[in-house]
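**Student:** Structure supplied as data38.cif; contents: mmCIF, N, CA and C atoms.
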data_target
loop_
_atom_site.label_atom_id
_atom_site.label_comp_id
_atom_site.auth_asym_id
_atom_site.auth_seq_id
_atom_site.Cartn_x
_atom_site.Cartn_y
_atom_site.Cartn_z
N THR G 1 98.83 145.28 73.05
CA THR G 1 99.72 145.37 71.91
C THR G 1 101.02 144.67 72.24
N LEU G 2 101.53 143.92 71.32
CA LEU G 2 102.81 143.22 71.49
C LEU G 2 103.83 143.85 70.56
N ILE G 3 104.98 144.22 71.11
CA ILE G 3 106.08 144.77 70.31
C ILE G 3 107.28 143.86 70.51
N VAL G 4 107.84 143.39 69.41
CA VAL G 4 109.06 142.59 69.47
C VAL G 4 110.12 143.38 68.73
N ASP G 5 111.18 143.75 69.43
CA ASP G 5 112.20 144.60 68.84
C ASP G 5 113.53 144.38 69.53
N ARG G 6 114.60 144.50 68.80
CA ARG G 6 115.93 144.37 69.40
C ARG G 6 116.40 145.67 70.04
N ASP G 7 115.76 146.76 69.72
CA ASP G 7 116.13 148.07 70.27
C ASP G 7 115.37 148.27 71.58
N TRP G 8 115.83 147.61 72.64
CA TRP G 8 115.14 147.64 73.93
C TRP G 8 115.05 149.04 74.50
N HIS G 9 116.06 149.85 74.24
CA HIS G 9 116.06 151.22 74.77
C HIS G 9 114.88 152.00 74.20
N LYS G 10 114.67 151.91 72.90
CA LYS G 10 113.55 152.59 72.25
C LYS G 10 112.22 152.06 72.78
N VAL G 11 112.11 150.75 72.88
CA VAL G 11 110.87 150.15 73.35
C VAL G 11 110.53 150.61 74.77
N LEU G 12 111.51 150.59 75.66
CA LEU G 12 111.25 150.97 77.04
C LEU G 12 110.89 152.45 77.18
N HIS G 13 111.36 153.28 76.26
CA HIS G 13 111.01 154.70 76.31
C HIS G 13 109.63 154.99 75.73
N HIS G 14 109.05 154.04 75.00
CA HIS G 14 107.75 154.26 74.36
C HIS G 14 106.65 153.36 74.90
N THR G 15 106.91 152.68 76.01
CA THR G 15 105.90 151.80 76.59
C THR G 15 105.76 152.07 78.08
N ASP G 16 104.62 151.65 78.63
CA ASP G 16 104.39 151.77 80.07
C ASP G 16 104.88 150.53 80.81
N GLN G 17 104.69 149.38 80.21
CA GLN G 17 105.05 148.10 80.81
C GLN G 17 105.87 147.29 79.81
N ALA G 18 106.73 146.43 80.33
CA ALA G 18 107.54 145.60 79.43
C ALA G 18 107.81 144.24 80.07
N VAL G 19 108.06 143.27 79.21
CA VAL G 19 108.42 141.92 79.62
C VAL G 19 109.63 141.52 78.80
N VAL G 20 110.65 140.99 79.48
CA VAL G 20 111.84 140.48 78.80
C VAL G 20 111.78 138.97 78.92
N MET G 21 111.85 138.29 77.76
CA MET G 21 111.79 136.83 77.76
C MET G 21 113.12 136.26 77.29
N GLU G 22 113.45 135.11 77.84
CA GLU G 22 114.67 134.40 77.46
C GLU G 22 114.31 132.93 77.34
N LYS G 23 114.49 132.37 76.15
CA LYS G 23 114.18 130.95 75.90
C LYS G 23 112.75 130.61 76.32
N GLY G 24 111.82 131.51 76.02
CA GLY G 24 110.41 131.27 76.29
C GLY G 24 109.97 131.52 77.72
N ARG G 25 110.86 132.00 78.57
CA ARG G 25 110.52 132.28 79.96
C ARG G 25 110.64 133.77 80.25
N ILE G 26 109.75 134.27 81.07
CA ILE G 26 109.82 135.67 81.49
C ILE G 26 110.94 135.81 82.52
N VAL G 27 111.91 136.68 82.22
CA VAL G 27 113.04 136.88 83.14
C VAL G 27 113.01 138.27 83.80
N LEU G 28 112.34 139.21 83.20
CA LEU G 28 112.15 140.55 83.78
C LEU G 28 110.77 141.04 83.35
N ALA G 29 110.08 141.70 84.23
CA ALA G 29 108.78 142.27 83.89
C ALA G 29 108.48 143.41 84.84
N GLY G 30 107.78 144.40 84.32
CA GLY G 30 107.38 145.52 85.16
C GLY G 30 107.22 146.80 84.38
N ALA G 31 107.13 147.87 85.13
CA ALA G 31 107.01 149.19 84.51
C ALA G 31 108.29 149.50 83.74
N SER G 32 108.15 150.03 82.57
CA SER G 32 109.32 150.33 81.73
C SER G 32 110.31 151.25 82.43
N ALA G 33 109.81 152.25 83.15
CA ALA G 33 110.70 153.17 83.87
C ALA G 33 111.50 152.43 84.93
N GLU G 34 110.87 151.47 85.60
CA GLU G 34 111.58 150.69 86.62
C GLU G 34 112.65 149.81 85.98
N LEU G 35 112.34 149.25 84.82
CA LEU G 35 113.34 148.42 84.13
C LEU G 35 114.52 149.27 83.67
N LEU G 36 114.23 150.47 83.19
CA LEU G 36 115.32 151.37 82.78
C LEU G 36 116.21 151.75 83.95
N ALA G 37 115.65 151.73 85.15
CA ALA G 37 116.41 152.08 86.34
C ALA G 37 117.26 150.91 86.85
N GLN G 38 117.21 149.78 86.14
CA GLN G 38 117.98 148.59 86.51
C GLN G 38 118.97 148.24 85.40
N PRO G 39 119.92 149.10 85.10
CA PRO G 39 120.81 148.84 83.97
C PRO G 39 121.61 147.55 84.11
N GLN G 40 121.96 147.17 85.33
CA GLN G 40 122.72 145.93 85.52
C GLN G 40 121.89 144.71 85.13
N ALA G 41 120.63 144.68 85.55
CA ALA G 41 119.75 143.57 85.23
C ALA G 41 119.51 143.49 83.72
N LEU G 42 119.32 144.65 83.08
CA LEU G 42 119.14 144.67 81.63
C LEU G 42 120.40 144.19 80.92
N ALA G 43 121.54 144.62 81.39
CA ALA G 43 122.81 144.22 80.77
C ALA G 43 123.01 142.72 80.86
N GLU G 44 122.67 142.13 82.00
CA GLU G 44 122.82 140.69 82.18
C GLU G 44 121.90 139.91 81.25
N ARG G 45 120.69 140.39 81.07
CA ARG G 45 119.70 139.66 80.26
C ARG G 45 119.77 139.98 78.78
N LEU G 46 120.17 141.20 78.45
CA LEU G 46 120.13 141.63 77.05
C LEU G 46 121.50 141.74 76.42
N GLY G 47 122.53 141.46 77.17
CA GLY G 47 123.88 141.50 76.62
C GLY G 47 124.32 142.88 76.20
N VAL G 48 123.92 143.89 76.95
CA VAL G 48 124.24 145.27 76.62
C VAL G 48 125.51 145.69 77.32
#
Write out the structure in this file as structure tokens.
**Tutor:**
Amino acid sequence: TLIVDRDWHKVLHHTDQAVVMEKGRIVLAGASAELLAQPQALAERLGV
């Protein structure tokens, strides 16, 4: 299943795995819980 949404927080809480893409390239990927544990990396990539 593919989910495209601007509400990354909601998506990461409702998925097991996630991929963050920027300009067609994968910049972050892994278990959603692990991505949530990296707030600095998410902030840099998602402008949060």
**Student:** Just the residues within 10 Å of range 18-25 of chain G, please, counting only C-alpha atoms, with nothing from its chain fewer than 3 positions along; format it as a PyMOL selection string.
**Tutor:** chain G and resi 2-4+8+11-12+15+28-35+42+45-46
**Student:** Have a look at CA of Gln40 in chain G and CA of Thr1 in chain G and let me know their distance in Å, one decimal.
**Tutor:**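 Result for CA of Gln40 in chain G versus CA of Thr1 in chain G: 26.7 Å, one decimal.
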**Student:** Between atom C of Leu36 in chain G and atom C of His9 in chain G, what is the distance in Å, rounded to a tenth?
**Tutor:**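 Spanning atom C of Leu36 in chain G to atom C of His9 in chain G is a straight-line distance of 9.8 Å.
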